[in-house]
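Structure data (PDB, N, CA, C and O atoms) from my_file.pdb:
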ATOM      1  N   MET A   1       4.516 -17.521  -3.332
ATOM      2  CA  MET A   1       4.893 -16.129  -3.164
ATOM      3  C   MET A   1       3.693 -15.241  -3.527
ATOM      4  O   MET A   1       3.017 -15.470  -4.519
ATOM      5  N   TYR A   2       3.459 -14.235  -2.729
ATOM      6  CA  TYR A   2       2.347 -13.300  -2.913
ATOM      7  C   TYR A   2       2.682 -12.360  -4.064
ATOM      8  O   TYR A   2       3.657 -11.618  -4.020
ATOM      9  N   SER A   3       1.868 -12.386  -5.109
ATOM     10  CA  SER A   3       2.172 -11.623  -6.319
ATOM     11  C   SER A   3       1.561 -10.224  -6.277
ATOM     12  O   SER A   3       0.638  -9.950  -5.509
ATOM     13  N   TYR A   4       2.060  -9.383  -7.161
ATOM     14  CA  TYR A   4       1.516  -8.033  -7.301
ATOM     15  C   TYR A   4       0.050  -8.109  -7.728
ATOM     16  O   TYR A   4      -0.780  -7.334  -7.252
ATOM     17  N   GLU A   5      -0.286  -9.040  -8.592
ATOM     18  CA  GLU A   5      -1.667  -9.198  -9.055
ATOM     19  C   GLU A   5      -2.585  -9.583  -7.891
ATOM     20  O   GLU A   5      -3.711  -9.088  -7.791
ATOM     21  N   GLU A   6      -2.118 -10.483  -7.004
ATOM     22  CA  GLU A   6      -2.897 -10.858  -5.821
ATOM     23  C   GLU A   6      -3.078  -9.654  -4.893
ATOM     24  O   GLU A   6      -4.150  -9.467  -4.314
ATOM     25  N   PHE A   7      -2.037  -8.860  -4.760
ATOM     26  CA  PHE A   7      -2.078  -7.646  -3.948
ATOM     27  C   PHE A   7      -3.175  -6.705  -4.458
ATOM     28  O   PHE A   7      -4.022  -6.246  -3.686
ATOM     29  N   ILE A   8      -3.201  -6.451  -5.752
ATOM     30  CA  ILE A   8      -4.215  -5.574  -6.351
ATOM     31  C   ILE A   8      -5.606  -6.170  -6.155
ATOM     32  O   ILE A   8      -6.545  -5.465  -5.785
ATOM     33  N   GLU A   9      -5.734  -7.464  -6.368
ATOM     34  CA  GLU A   9      -7.023  -8.136  -6.190
ATOM     35  C   GLU A   9      -7.512  -7.998  -4.746
ATOM     36  O   GLU A   9      -8.679  -7.689  -4.503
ATOM     37  N   ASP A  10      -6.617  -8.207  -3.783
ATOM     38  CA  ASP A  10      -6.994  -8.081  -2.372
ATOM     39  C   ASP A  10      -7.444  -6.666  -2.044
ATOM     40  O   ASP A  10      -8.430  -6.470  -1.331
ATOM     41  N   LEU A  11      -6.733  -5.665  -2.541
ATOM     42  CA  LEU A  11      -7.150  -4.281  -2.298
ATOM     43  C   LEU A  11      -8.523  -4.026  -2.905
ATOM     44  O   LEU A  11      -9.381  -3.404  -2.266
ATOM     45  N   ASN A  12      -8.757  -4.499  -4.115
ATOM     46  CA  ASN A  12     -10.051  -4.302  -4.765
ATOM     47  C   ASN A  12     -11.187  -5.006  -4.032
ATOM     48  O   ASN A  12     -12.336  -4.600  -4.147
ATOM     49  N   LEU A  13     -10.855  -6.031  -3.253
ATOM     50  CA  LEU A  13     -11.848  -6.718  -2.429
ATOM     51  C   LEU A  13     -12.069  -6.007  -1.095
ATOM     52  O   LEU A  13     -12.907  -6.412  -0.305
ATOM     53  N   GLY A  14     -11.267  -4.939  -0.835
ATOM     54  CA  GLY A  14     -11.417  -4.178   0.398
ATOM     55  C   GLY A  14     -10.482  -4.579   1.510
ATOM     56  O   GLY A  14     -10.580  -4.070   2.623
ATOM     57  N   HIS A  15      -9.541  -5.485   1.219
ATOM     58  CA  HIS A  15      -8.577  -5.890   2.239
ATOM     59  C   HIS A  15      -7.556  -4.783   2.479
ATOM     60  O   HIS A  15      -7.279  -3.968   1.601
ATOM     61  N   GLU A  16      -7.004  -4.787   3.666
ATOM     62  CA  GLU A  16      -5.912  -3.883   4.005
ATOM     63  C   GLU A  16      -4.626  -4.693   4.026
ATOM     64  O   GLU A  16      -4.643  -5.897   4.275
ATOM     65  N   VAL A  17      -3.507  -4.040   3.749
ATOM     66  CA  VAL A  17      -2.232  -4.745   3.605
ATOM     67  C   VAL A  17      -1.154  -4.017   4.394
ATOM     68  O   VAL A  17      -1.031  -2.796   4.313
ATOM     69  N   GLU A  18      -0.375  -4.792   5.142
ATOM     70  CA  GLU A  18       0.811  -4.264   5.815
ATOM     71  C   GLU A  18       2.030  -4.839   5.111
ATOM     72  O   GLU A  18       2.030  -6.006   4.701
ATOM     73  N   PHE A  19       3.063  -3.997   4.978
ATOM     74  CA  PHE A  19       4.284  -4.481   4.349
ATOM     75  C   PHE A  19       5.495  -3.740   4.873
ATOM     76  O   PHE A  19       5.389  -2.662   5.456
ATOM     77  N   ASP A  20       6.647  -4.361   4.674
ATOM     78  CA  ASP A  20       7.927  -3.773   5.044
ATOM     79  C   ASP A  20       8.708  -3.453   3.780
ATOM     80  O   ASP A  20       8.640  -4.194   2.792
ATOM     81  N   LEU A  21       9.429  -2.344   3.840
ATOM     82  CA  LEU A  21      10.289  -1.926   2.742
ATOM     83  C   LEU A  21      11.448  -1.142   3.327
ATOM     84  O   LEU A  21      11.239  -0.142   4.018
ATOM     85  N   ASN A  22      12.663  -1.607   3.085
ATOM     86  CA  ASN A  22      13.870  -0.905   3.546
ATOM     87  C   ASN A  22      13.807  -0.560   5.035
ATOM     88  O   ASN A  22      14.056   0.572   5.433
ATOM     89  N   ASP A  23      13.477  -1.538   5.860
ATOM     90  CA  ASP A  23      13.420  -1.387   7.318
ATOM     91  C   ASP A  23      12.333  -0.441   7.809
ATOM     92  O   ASP A  23      12.366   0.018   8.944
ATOM     93  N   PHE A  24      11.345  -0.137   6.961
ATOM     94  CA  PHE A  24      10.197   0.669   7.364
ATOM     95  C   PHE A  24       8.933  -0.157   7.186
ATOM     96  O   PHE A  24       8.841  -0.996   6.285
ATOM     97  N   HIS A  25       7.953   0.106   8.048
ATOM     98  CA  HIS A  25       6.680  -0.607   8.000
ATOM     99  C   HIS A  25       5.607   0.323   7.442
ATOM    100  O   HIS A  25       5.537   1.490   7.815
ATOM    101  N   PHE A  26       4.775  -0.209   6.556
ATOM    102  CA  PHE A  26       3.718   0.560   5.901
ATOM    103  C   PHE A  26       2.385  -0.153   6.062
ATOM    104  O   PHE A  26       2.338  -1.376   6.182
ATOM    105  N   LEU A  27       1.314   0.628   6.006
ATOM    106  CA  LEU A  27      -0.034   0.101   6.044
ATOM    107  C   LEU A  27      -0.845   0.753   4.932
ATOM    108  O   LEU A  27      -0.847   1.985   4.808
ATOM    109  N   ILE A  28      -1.497  -0.067   4.134
ATOM    110  CA  ILE A  28      -2.490   0.433   3.192
ATOM    111  C   ILE A  28      -3.832   0.111   3.817
ATOM    112  O   ILE A  28      -4.138  -1.050   4.087
ATOM    113  N   SER A  29      -4.591   1.164   4.091
ATOM    114  CA  SER A  29      -5.860   0.971   4.793
ATOM    115  C   SER A  29      -6.985   1.703   4.081
ATOM    116  O   SER A  29      -6.762   2.562   3.233
ATOM    117  N   TYR A  30      -8.196   1.326   4.476
ATOM    118  CA  TYR A  30      -9.390   1.922   3.894
ATOM    119  C   TYR A  30     -10.369   2.277   4.999
ATOM    120  O   TYR A  30     -10.521   1.535   5.962
ATOM    121  N   ASN A  31     -11.003   3.434   4.858
ATOM    122  CA  ASN A  31     -12.152   3.766   5.697
ATOM    123  C   ASN A  31     -13.155   4.494   4.806
ATOM    124  O   ASN A  31     -12.936   4.641   3.609
ATOM    125  N   GLU A  32     -14.237   4.960   5.382
ATOM    126  CA  GLU A  32     -15.294   5.580   4.568
ATOM    127  C   GLU A  32     -14.824   6.815   3.801
ATOM    128  O   GLU A  32     -15.460   7.233   2.842
ATOM    129  N   ASP A  33     -13.698   7.398   4.187
ATOM    130  CA  ASP A  33     -13.166   8.567   3.495
ATOM    131  C   ASP A  33     -12.309   8.218   2.280
ATOM    132  O   ASP A  33     -12.078   9.058   1.421
ATOM    133  N   GLY A  34     -11.768   6.998   2.225
ATOM    134  CA  GLY A  34     -10.927   6.608   1.105
ATOM    135  C   GLY A  34      -9.801   5.688   1.503
ATOM    136  O   GLY A  34      -9.778   5.130   2.600
ATOM    137  N   TRP A  35      -8.841   5.553   0.606
ATOM    138  CA  TRP A  35      -7.676   4.687   0.785
ATOM    139  C   TRP A  35      -6.470   5.507   1.238
ATOM    140  O   TRP A  35      -6.308   6.660   0.828
ATOM    141  N   TYR A  36      -5.608   4.890   2.040
ATOM    142  CA  TYR A  36      -4.412   5.548   2.568
ATOM    143  C   TYR A  36      -3.228   4.596   2.509
ATOM    144  O   TYR A  36      -3.385   3.398   2.726
ATOM    145  N   CYS A  37      -2.057   5.123   2.232
ATOM    146  CA  CYS A  37      -0.802   4.389   2.376
ATOM    147  C   CYS A  37       0.013   5.162   3.402
ATOM    148  O   CYS A  37       0.426   6.296   3.158
ATOM    149  N   VAL A  38       0.216   4.538   4.567
ATOM    150  CA  VAL A  38       0.801   5.241   5.703
ATOM    151  C   VAL A  38       2.109   4.572   6.117
ATOM    152  O   VAL A  38       2.159   3.355   6.307
ATOM    153  N   LYS A  39       3.136   5.373   6.253
ATOM    154  CA  LYS A  39       4.416   4.895   6.768
ATOM    155  C   LYS A  39       4.365   4.964   8.282
ATOM    156  O   LYS A  39       3.930   5.970   8.848
ATOM    157  N   GLN A  40       4.794   3.886   8.948
ATOM    158  CA  GLN A  40       4.751   3.831  10.408
ATOM    159  C   GLN A  40       5.472   5.029  11.022
ATOM    160  O   GLN A  40       6.529   5.444  10.558
ATOM    161  N   ASN A  41       4.843   5.590  12.043
ATOM    162  CA  ASN A  41       5.368   6.721  12.814
ATOM    163  C   ASN A  41       5.423   8.037  12.033
ATOM    164  O   ASN A  41       6.149   8.943  12.415
ATOM    165  N   GLU A  42       4.672   8.128  10.957
ATOM    166  CA  GLU A  42       4.586   9.386  10.225
ATOM    167  C   GLU A  42       3.147   9.872  10.249
ATOM    168  O   GLU A  42       2.219   9.087  10.139
ATOM    169  N   GLU A  43       2.971  11.157  10.387
ATOM    170  CA  GLU A  43       1.634  11.719  10.485
ATOM    171  C   GLU A  43       1.035  12.080   9.128
ATOM    172  O   GLU A  43      -0.171  12.235   9.009
ATOM    173  N   VAL A  44       1.867  12.210   8.111
ATOM    174  CA  VAL A  44       1.376  12.584   6.791
ATOM    175  C   VAL A  44       0.572  11.426   6.215
ATOM    176  O   VAL A  44       1.055  10.306   6.118
ATOM    177  N   GLN A  45      -0.676  11.711   5.865
ATOM    178  CA  GLN A  45      -1.545  10.702   5.284
ATOM    179  C   GLN A  45      -2.239  11.287   4.064
ATOM    180  O   GLN A  45      -3.038  12.203   4.182
ATOM    181  N   LEU A  46      -1.912  10.766   2.909
ATOM    182  CA  LEU A  46      -2.567  11.201   1.689
ATOM    183  C   LEU A  46      -3.745  10.288   1.420
ATOM    184  O   LEU A  46      -3.635   9.068   1.520
ATOM    185  N   ARG A  47      -4.876  10.871   1.068
ATOM    186  CA  ARG A  47      -6.099  10.110   0.820
ATOM    187  C   ARG A  47      -6.286   9.919  -0.685
ATOM    188  O   ARG A  47      -6.036  10.819  -1.483
ATOM    189  N   TYR A  48      -6.737   8.725  -1.047
ATOM    190  CA  TYR A  48      -7.029   8.399  -2.436
ATOM    191  C   TYR A  48      -8.463   7.898  -2.519
ATOM    192  O   TYR A  48      -8.926   7.167  -1.638
ATOM    193  N   ASP A  49      -9.155   8.256  -3.586
ATOM    194  CA  ASP A  49     -10.556   7.874  -3.739
ATOM    195  C   ASP A  49     -10.740   6.421  -4.141
ATOM    196  O   ASP A  49     -11.801   5.847  -3.930
ATOM    197  N   SER A  50      -9.724   5.817  -4.739
ATOM    198  CA  SER A  50      -9.860   4.443  -5.236
ATOM    199  C   SER A  50      -8.527   3.718  -5.143
ATOM    200  O   SER A  50      -7.467   4.338  -4.975
ATOM    201  N   VAL A  51      -8.595   2.407  -5.303
ATOM    202  CA  VAL A  51      -7.376   1.595  -5.347
ATOM    203  C   VAL A  51      -6.523   2.043  -6.531
ATOM    204  O   VAL A  51      -5.300   2.174  -6.406
ATOM    205  N   GLU A  52      -7.151   2.319  -7.655
ATOM    206  CA  GLU A  52      -6.413   2.732  -8.846
ATOM    207  C   GLU A  52      -5.639   4.020  -8.603
ATOM    208  O   GLU A  52      -4.487   4.143  -9.016
ATOM    209  N   GLN A  53      -6.276   4.986  -7.930
ATOM    210  CA  GLN A  53      -5.580   6.244  -7.599
ATOM    211  C   GLN A  53      -4.419   5.987  -6.661
ATOM    212  O   GLN A  53      -3.333   6.541  -6.841
ATOM    213  N   LEU A  54      -4.639   5.159  -5.653
ATOM    214  CA  LEU A  54      -3.576   4.859  -4.693
ATOM    215  C   LEU A  54      -2.385   4.230  -5.406
ATOM    216  O   LEU A  54      -1.248   4.661  -5.221
ATOM    217  N   ILE A  55      -2.645   3.235  -6.237
ATOM    218  CA  ILE A  55      -1.569   2.528  -6.929
ATOM    219  C   ILE A  55      -0.842   3.447  -7.911
ATOM    220  O   ILE A  55       0.375   3.400  -8.037
ATOM    221  N   SER A  56      -1.573   4.302  -8.586
ATOM    222  CA  SER A  56      -0.968   5.186  -9.588
ATOM    223  C   SER A  56      -0.217   6.360  -8.980
ATOM    224  O   SER A  56       0.796   6.802  -9.516
ATOM    225  N   ASN A  57      -0.732   6.889  -7.851
ATOM    226  CA  ASN A  57      -0.213   8.156  -7.329
ATOM    227  C   ASN A  57       0.592   8.058  -6.041
ATOM    228  O   ASN A  57       1.316   8.990  -5.709
ATOM    229  N   SER A  58       0.458   6.973  -5.309
ATOM    230  CA  SER A  58       1.206   6.828  -4.060
ATOM    231  C   SER A  58       2.669   6.533  -4.383
ATOM    232  O   SER A  58       2.966   5.614  -5.154
ATOM    233  N   LYS A  59       3.563   7.309  -3.817
ATOM    234  CA  LYS A  59       4.998   7.141  -4.074
ATOM    235  C   LYS A  59       5.737   6.910  -2.763
ATOM    236  O   LYS A  59       5.453   7.542  -1.745
ATOM    237  N   ILE A  60       6.685   6.012  -2.818
ATOM    238  CA  ILE A  60       7.602   5.756  -1.708
ATOM    239  C   ILE A  60       8.995   5.955  -2.278
ATOM    240  O   ILE A  60       9.373   5.279  -3.240
ATOM    241  N   GLU A  61       9.728   6.882  -1.713
ATOM    242  CA  GLU A  61      11.065   7.215  -2.221
ATOM    243  C   GLU A  61      11.014   7.529  -3.718
ATOM    244  O   GLU A  61      11.897   7.166  -4.475
ATOM    245  N   GLY A  62       9.926   8.179  -4.151
ATOM    246  CA  GLY A  62       9.789   8.611  -5.529
ATOM    247  C   GLY A  62       9.369   7.532  -6.514
ATOM    248  O   GLY A  62       9.321   7.775  -7.716
ATOM    249  N   LYS A  63       9.050   6.321  -6.010
ATOM    250  CA  LYS A  63       8.669   5.226  -6.890
ATOM    251  C   LYS A  63       7.308   4.674  -6.490
ATOM    252  O   LYS A  63       6.914   4.742  -5.335
ATOM    253  N   THR A  64       6.608   4.107  -7.464
ATOM    254  CA  THR A  64       5.318   3.489  -7.187
ATOM    255  C   THR A  64       5.518   2.143  -6.504
ATOM    256  O   THR A  64       6.611   1.556  -6.547
ATOM    257  N   ILE A  65       4.449   1.643  -5.918
ATOM    258  CA  ILE A  65       4.501   0.329  -5.283
ATOM    259  C   ILE A  65       4.866  -0.736  -6.315
ATOM    260  O   ILE A  65       5.644  -1.645  -6.036
ATOM    261  N   LYS A  66       4.333  -0.612  -7.513
ATOM    262  CA  LYS A  66       4.655  -1.584  -8.568
ATOM    263  C   LYS A  66       6.149  -1.588  -8.870
ATOM    264  O   LYS A  66       6.756  -2.650  -9.028
ATOM    265  N   GLU A  67       6.757  -0.407  -8.944
ATOM    266  CA  GLU A  67       8.194  -0.315  -9.221
ATOM    267  C   GLU A  67       9.026  -0.910  -8.088
ATOM    268  O   GLU A  67      10.120  -1.422  -8.320
ATOM    269  N   LEU A  68       8.499  -0.861  -6.872
ATOM    270  CA  LEU A  68       9.220  -1.357  -5.693
ATOM    271  C   LEU A  68       8.847  -2.784  -5.314
ATOM    272  O   LEU A  68       9.418  -3.333  -4.376
ATOM    273  N   TRP A  69       7.902  -3.385  -6.016
ATOM    274  CA  TRP A  69       7.300  -4.647  -5.590
ATOM    275  C   TRP A  69       8.325  -5.725  -5.236
ATOM    276  O   TRP A  69       8.166  -6.449  -4.250
ATOM    277  N   ASN A  70       9.394  -5.881  -5.991
ATOM    278  CA  ASN A  70      10.385  -6.929  -5.723
ATOM    279  C   ASN A  70      11.152  -6.709  -4.425
ATOM    280  O   ASN A  70      11.862  -7.608  -3.967
ATOM    281  N   HIS A  71      11.013  -5.532  -3.813
ATOM    282  CA  HIS A  71      11.689  -5.227  -2.554
ATOM    283  C   HIS A  71      10.730  -5.192  -1.369
ATOM    284  O   HIS A  71      11.154  -5.028  -0.231
ATOM    285  N   ILE A  72       9.445  -5.324  -1.655
ATOM    286  CA  ILE A  72       8.414  -5.253  -0.621
ATOM    287  C   ILE A  72       8.184  -6.632  -0.020
ATOM    288  O   ILE A  72       8.104  -7.635  -0.749
ATOM    289  N   ILE A  73       8.075  -6.662   1.309
ATOM    290  CA  ILE A  73       7.753  -7.894   2.025
ATOM    291  C   ILE A  73       6.394  -7.706   2.670
ATOM    292  O   ILE A  73       6.251  -6.913   3.617
ATOM    293  N   VAL A  74       5.383  -8.382   2.143
ATOM    294  CA  VAL A  74       4.025  -8.292   2.687
ATOM    295  C   VAL A  74       3.996  -9.081   3.994
ATOM    296  O   VAL A  74       4.369 -10.253   4.028
ATOM    297  N   THR A  75       3.573  -8.419   5.073
ATOM    298  CA  THR A  75       3.558  -9.074   6.380
ATOM    299  C   THR A  75       2.162  -9.467   6.832
ATOM    300  O   THR A  75       2.008 -10.348   7.673
ATOM    301  N   SER A  76       1.124  -8.818   6.279
ATOM    302  CA  SER A  76      -0.236  -9.132   6.703
ATOM    303  C   SER A  76      -1.235  -8.630   5.681
ATOM    304  O   SER A  76      -1.073  -7.549   5.108
ATOM    305  N   VAL A  77      -2.278  -9.432   5.467
ATOM    306  CA  VAL A  77      -3.414  -9.043   4.643
ATOM    307  C   VAL A  77      -4.641  -9.346   5.475
ATOM    308  O   VAL A  77      -4.817 -10.456   5.960
ATOM    309  N   PHE A  78      -5.465  -8.340   5.699
ATOM    310  CA  PHE A  78      -6.659  -8.555   6.526
ATOM    311  C   PHE A  78      -7.833  -7.776   6.015
ATOM    312  O   PHE A  78      -7.714  -6.930   5.152
TER
END
Let's see the structure in the file written out as structure tokens.
Amino acid sequence: MYSYEEFIEDLNLGHEVEFDLNDFHFLISYNEDGWYCVKQNEEVQLRYDSVEQLISNSKIEGKTIKELWNHIIVTSVF
């Protein structure tokens, strides 16, 4: 099983991660401007300067990814 610690390690290595949560698809991506956590079919994109900022400040339904981890299904790491 893919752990939260592996998830953080992969992000710190520069990998991008796709996951499903409550019938919605999300993408955590990186480009030269920063890190993003994007919900499929939504235009709102908040930028974070680091993985730490993304993990600490990105909220889904008012909760952090860590708080939701047991409900998240990672579908791809690239």
*Quote the spacing between atom O of Gln40 of chain A and atom C of Asn12 of chain A in Å to one decimal place.*
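That distance, rounded to one decimal, is 25.2 Å.
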*asked:* Every residue with an atom at most 7 Å from (13.0, 3.5, 4.4) (file coordinates; all atoms listed in the file) is what I'm after, so could you write them as a ChimeraX atom specification?
replied: /A:21-24
*Based on DSSP run over this structure's backbone, return all residues of segment 31-68 of chain A in helix (DSSP H, G or I), as a list in words.*
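After running DSSP on the backbone, segment 31-68 of chain A has helix (DSSP H, G or I) at Val51, Glu52, Gln53, Leu54, Ile55, Ser56, Asn57, Ile65, Lys66, Glu67 and Leu68 of chain A.
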Write a file of the just-selected residues containing N, CA, C and O atoms, as a compact mmCIF listing (two decimals), in the frame of the given file.
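So out37.txt came out as:
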# COMPACT_ATOMS: atom_id res chain seq x y z
N VAL A 51 -8.60 2.41 -5.30
CA VAL A 51 -7.38 1.60 -5.35
C VAL A 51 -6.52 2.04 -6.53
O VAL A 51 -5.30 2.17 -6.41
N GLU A 52 -7.15 2.32 -7.66
CA GLU A 52 -6.41 2.73 -8.85
C GLU A 52 -5.64 4.02 -8.60
O GLU A 52 -4.49 4.14 -9.02
N GLN A 53 -6.28 4.99 -7.93
CA GLN A 53 -5.58 6.24 -7.60
C GLN A 53 -4.42 5.99 -6.66
O GLN A 53 -3.33 6.54 -6.84
N LEU A 54 -4.64 5.16 -5.65
CA LEU A 54 -3.58 4.86 -4.69
C LEU A 54 -2.38 4.23 -5.41
O LEU A 54 -1.25 4.66 -5.22
N ILE A 55 -2.64 3.24 -6.24
CA ILE A 55 -1.57 2.53 -6.93
C ILE A 55 -0.84 3.45 -7.91
O ILE A 55 0.38 3.40 -8.04
N SER A 56 -1.57 4.30 -8.59
CA SER A 56 -0.97 5.19 -9.59
C SER A 56 -0.22 6.36 -8.98
O SER A 56 0.80 6.80 -9.52
N ASN A 57 -0.73 6.89 -7.85
CA ASN A 57 -0.21 8.16 -7.33
C ASN A 57 0.59 8.06 -6.04
O ASN A 57 1.32 8.99 -5.71
N ILE A 65 4.45 1.64 -5.92
CA ILE A 65 4.50 0.33 -5.28
C ILE A 65 4.87 -0.74 -6.32
O ILE A 65 5.64 -1.64 -6.04
N LYS A 66 4.33 -0.61 -7.51
CA LYS A 66 4.66 -1.58 -8.57
C LYS A 66 6.15 -1.59 -8.87
O LYS A 66 6.76 -2.65 -9.03
N GLU A 67 6.76 -0.41 -8.94
CA GLU A 67 8.19 -0.32 -9.22
C GLU A 67 9.03 -0.91 -8.09
O GLU A 67 10.12 -1.42 -8.32
N LEU A 68 8.50 -0.86 -6.87
CA LEU A 68 9.22 -1.36 -5.69
C LEU A 68 8.85 -2.78 -5.31
O LEU A 68 9.42 -3.33 -4.38
*Run DSSP on the backbone and grab whatever in chain A lands in strand (DSSP E or B); send it over as a VMD selection string.*
chain A and resid 17 to 21 24 to 31 34 to 39 47 to 48 60 63 73 to 77
*Spell out the residues picked by the PyMOL selection byres ((chain A and resi 16-20) around 4.5) here, as number ranges by chain.*
A: 14-15, 21-22, 24-28, 71-78
*Name the residues captured by the PyMOL selection byres ((chain A and resi 47-52) around 7) when it is applied to the shown file; answer as a ChimeraX atom specification.*
/A:11-12,33-37,45-46,53-58
Write segment 20-28 of chain A as a PDB file, keeping the file's coordinate frame, completed to all heavy atoms.
ATOM      1  N   ASP A  20       6.647  -4.361   4.674  1.00  0.00           N
ATOM      2  CA  ASP A  20       7.927  -3.773   5.044  1.00  0.00           C
ATOM      3  C   ASP A  20       8.708  -3.453   3.780  1.00  0.00           C
ATOM      4  O   ASP A  20       8.640  -4.194   2.792  1.00  0.00           O
ATOM      5  CB  ASP A  20       8.750  -4.736   5.911  1.00  0.00           C
ATOM      6  CG  ASP A  20       8.112  -4.981   7.268  1.00  0.00           C
ATOM      7  OD1 ASP A  20       7.443  -4.075   7.787  1.00  0.00           O
ATOM      8  OD2 ASP A  20       8.295  -6.087   7.809  1.00  0.00           O
ATOM      9  N   LEU A  21       9.429  -2.344   3.840  1.00  0.00           N
ATOM     10  CA  LEU A  21      10.289  -1.926   2.742  1.00  0.00           C
ATOM     11  C   LEU A  21      11.448  -1.142   3.327  1.00  0.00           C
ATOM     12  O   LEU A  21      11.239  -0.142   4.018  1.00  0.00           O
ATOM     13  CB  LEU A  21       9.513  -1.057   1.741  1.00  0.00           C
ATOM     14  CG  LEU A  21      10.320  -0.448   0.597  1.00  0.00           C
ATOM     15  CD1 LEU A  21      10.834  -1.541  -0.341  1.00  0.00           C
ATOM     16  CD2 LEU A  21       9.497   0.566  -0.164  1.00  0.00           C
ATOM     17  N   ASN A  22      12.663  -1.607   3.085  1.00  0.00           N
ATOM     18  CA  ASN A  22      13.870  -0.905   3.546  1.00  0.00           C
ATOM     19  C   ASN A  22      13.807  -0.560   5.035  1.00  0.00           C
ATOM     20  O   ASN A  22      14.056   0.572   5.433  1.00  0.00           O
ATOM     21  CB  ASN A  22      14.100   0.367   2.729  1.00  0.00           C
ATOM     22  CG  ASN A  22      14.298   0.069   1.263  1.00  0.00           C
ATOM     23  OD1 ASN A  22      14.733  -1.016   0.890  1.00  0.00           O
ATOM     24  ND2 ASN A  22      13.959   1.017   0.416  1.00  0.00           N
ATOM     25  N   ASP A  23      13.477  -1.538   5.860  1.00  0.00           N
ATOM     26  CA  ASP A  23      13.420  -1.387   7.318  1.00  0.00           C
ATOM     27  C   ASP A  23      12.333  -0.441   7.809  1.00  0.00           C
ATOM     28  O   ASP A  23      12.366   0.018   8.944  1.00  0.00           O
ATOM     29  CB  ASP A  23      14.774  -0.949   7.884  1.00  0.00           C
ATOM     30  CG  ASP A  23      15.863  -1.978   7.644  1.00  0.00           C
ATOM     31  OD1 ASP A  23      15.560  -3.188   7.730  1.00  0.00           O
ATOM     32  OD2 ASP A  23      17.004  -1.585   7.361  1.00  0.00           O
ATOM     33  N   PHE A  24      11.345  -0.137   6.961  1.00  0.00           N
ATOM     34  CA  PHE A  24      10.197   0.669   7.364  1.00  0.00           C
ATOM     35  C   PHE A  24       8.933  -0.157   7.186  1.00  0.00           C
ATOM     36  O   PHE A  24       8.841  -0.996   6.285  1.00  0.00           O
ATOM     37  CB  PHE A  24      10.096   1.960   6.536  1.00  0.00           C
ATOM     38  CG  PHE A  24      11.220   2.918   6.792  1.00  0.00           C
ATOM     39  CD1 PHE A  24      12.268   3.024   5.882  1.00  0.00           C
ATOM     40  CD2 PHE A  24      11.245   3.705   7.930  1.00  0.00           C
ATOM     41  CE1 PHE A  24      13.311   3.902   6.113  1.00  0.00           C
ATOM     42  CE2 PHE A  24      12.292   4.584   8.159  1.00  0.00           C
ATOM     43  CZ  PHE A  24      13.322   4.685   7.251  1.00  0.00           C
ATOM     44  N   HIS A  25       7.953   0.106   8.048  1.00  0.00           N
ATOM     45  CA  HIS A  25       6.680  -0.607   8.000  1.00  0.00           C
ATOM     46  C   HIS A  25       5.607   0.323   7.442  1.00  0.00           C
ATOM     47  O   HIS A  25       5.537   1.490   7.815  1.00  0.00           O
ATOM     48  CB  HIS A  25       6.305  -1.079   9.410  1.00  0.00           C
ATOM     49  CG  HIS A  25       5.158  -2.018   9.431  1.00  0.00           C
ATOM     50  ND1 HIS A  25       5.273  -3.332   9.032  1.00  0.00           N
ATOM     51  CD2 HIS A  25       3.863  -1.846   9.783  1.00  0.00           C
ATOM     52  CE1 HIS A  25       4.099  -3.924   9.153  1.00  0.00           C
ATOM     53  NE2 HIS A  25       3.229  -3.034   9.596  1.00  0.00           N
ATOM     54  N   PHE A  26       4.775  -0.209   6.556  1.00  0.00           N
ATOM     55  CA  PHE A  26       3.718   0.560   5.901  1.00  0.00           C
ATOM     56  C   PHE A  26       2.385  -0.153   6.062  1.00  0.00           C
ATOM     57  O   PHE A  26       2.338  -1.376   6.182  1.00  0.00           O
ATOM     58  CB  PHE A  26       4.001   0.714   4.404  1.00  0.00           C
ATOM     59  CG  PHE A  26       5.224   1.524   4.086  1.00  0.00           C
ATOM     60  CD1 PHE A  26       6.483   0.944   4.093  1.00  0.00           C
ATOM     61  CD2 PHE A  26       5.111   2.869   3.778  1.00  0.00           C
ATOM     62  CE1 PHE A  26       7.605   1.687   3.789  1.00  0.00           C
ATOM     63  CE2 PHE A  26       6.229   3.624   3.485  1.00  0.00           C
ATOM     64  CZ  PHE A  26       7.481   3.036   3.495  1.00  0.00           C
ATOM     65  N   LEU A  27       1.314   0.628   6.006  1.00  0.00           N
ATOM     66  CA  LEU A  27      -0.034   0.101   6.044  1.00  0.00           C
ATOM     67  C   LEU A  27      -0.845   0.753   4.932  1.00  0.00           C
ATOM     68  O   LEU A  27      -0.847   1.985   4.808  1.00  0.00           O
ATOM     69  CB  LEU A  27      -0.700   0.391   7.392  1.00  0.00           C
ATOM     70  CG  LEU A  27      -2.206   0.147   7.482  1.00  0.00           C
ATOM     71  CD1 LEU A  27      -2.528  -1.334   7.312  1.00  0.00           C
ATOM     72  CD2 LEU A  27      -2.755   0.682   8.791  1.00  0.00           C
ATOM     73  N   ILE A  28      -1.497  -0.067   4.134  1.00  0.00           N
ATOM     74  CA  ILE A  28      -2.490   0.433   3.192  1.00  0.00           C
ATOM     75  C   ILE A  28      -3.832   0.111   3.817  1.00  0.00           C
ATOM     76  O   ILE A  28      -4.138  -1.050   4.087  1.00  0.00           O
ATOM     77  CB  ILE A  28      -2.353  -0.220   1.813  1.00  0.00           C
ATOM     78  CG1 ILE A  28      -1.022   0.184   1.197  1.00  0.00           C
ATOM     79  CG2 ILE A  28      -3.521   0.190   0.910  1.00  0.00           C
ATOM     80  CD1 ILE A  28      -0.758  -0.435  -0.157  1.00  0.00           C
TER      81      ILE A  28
END
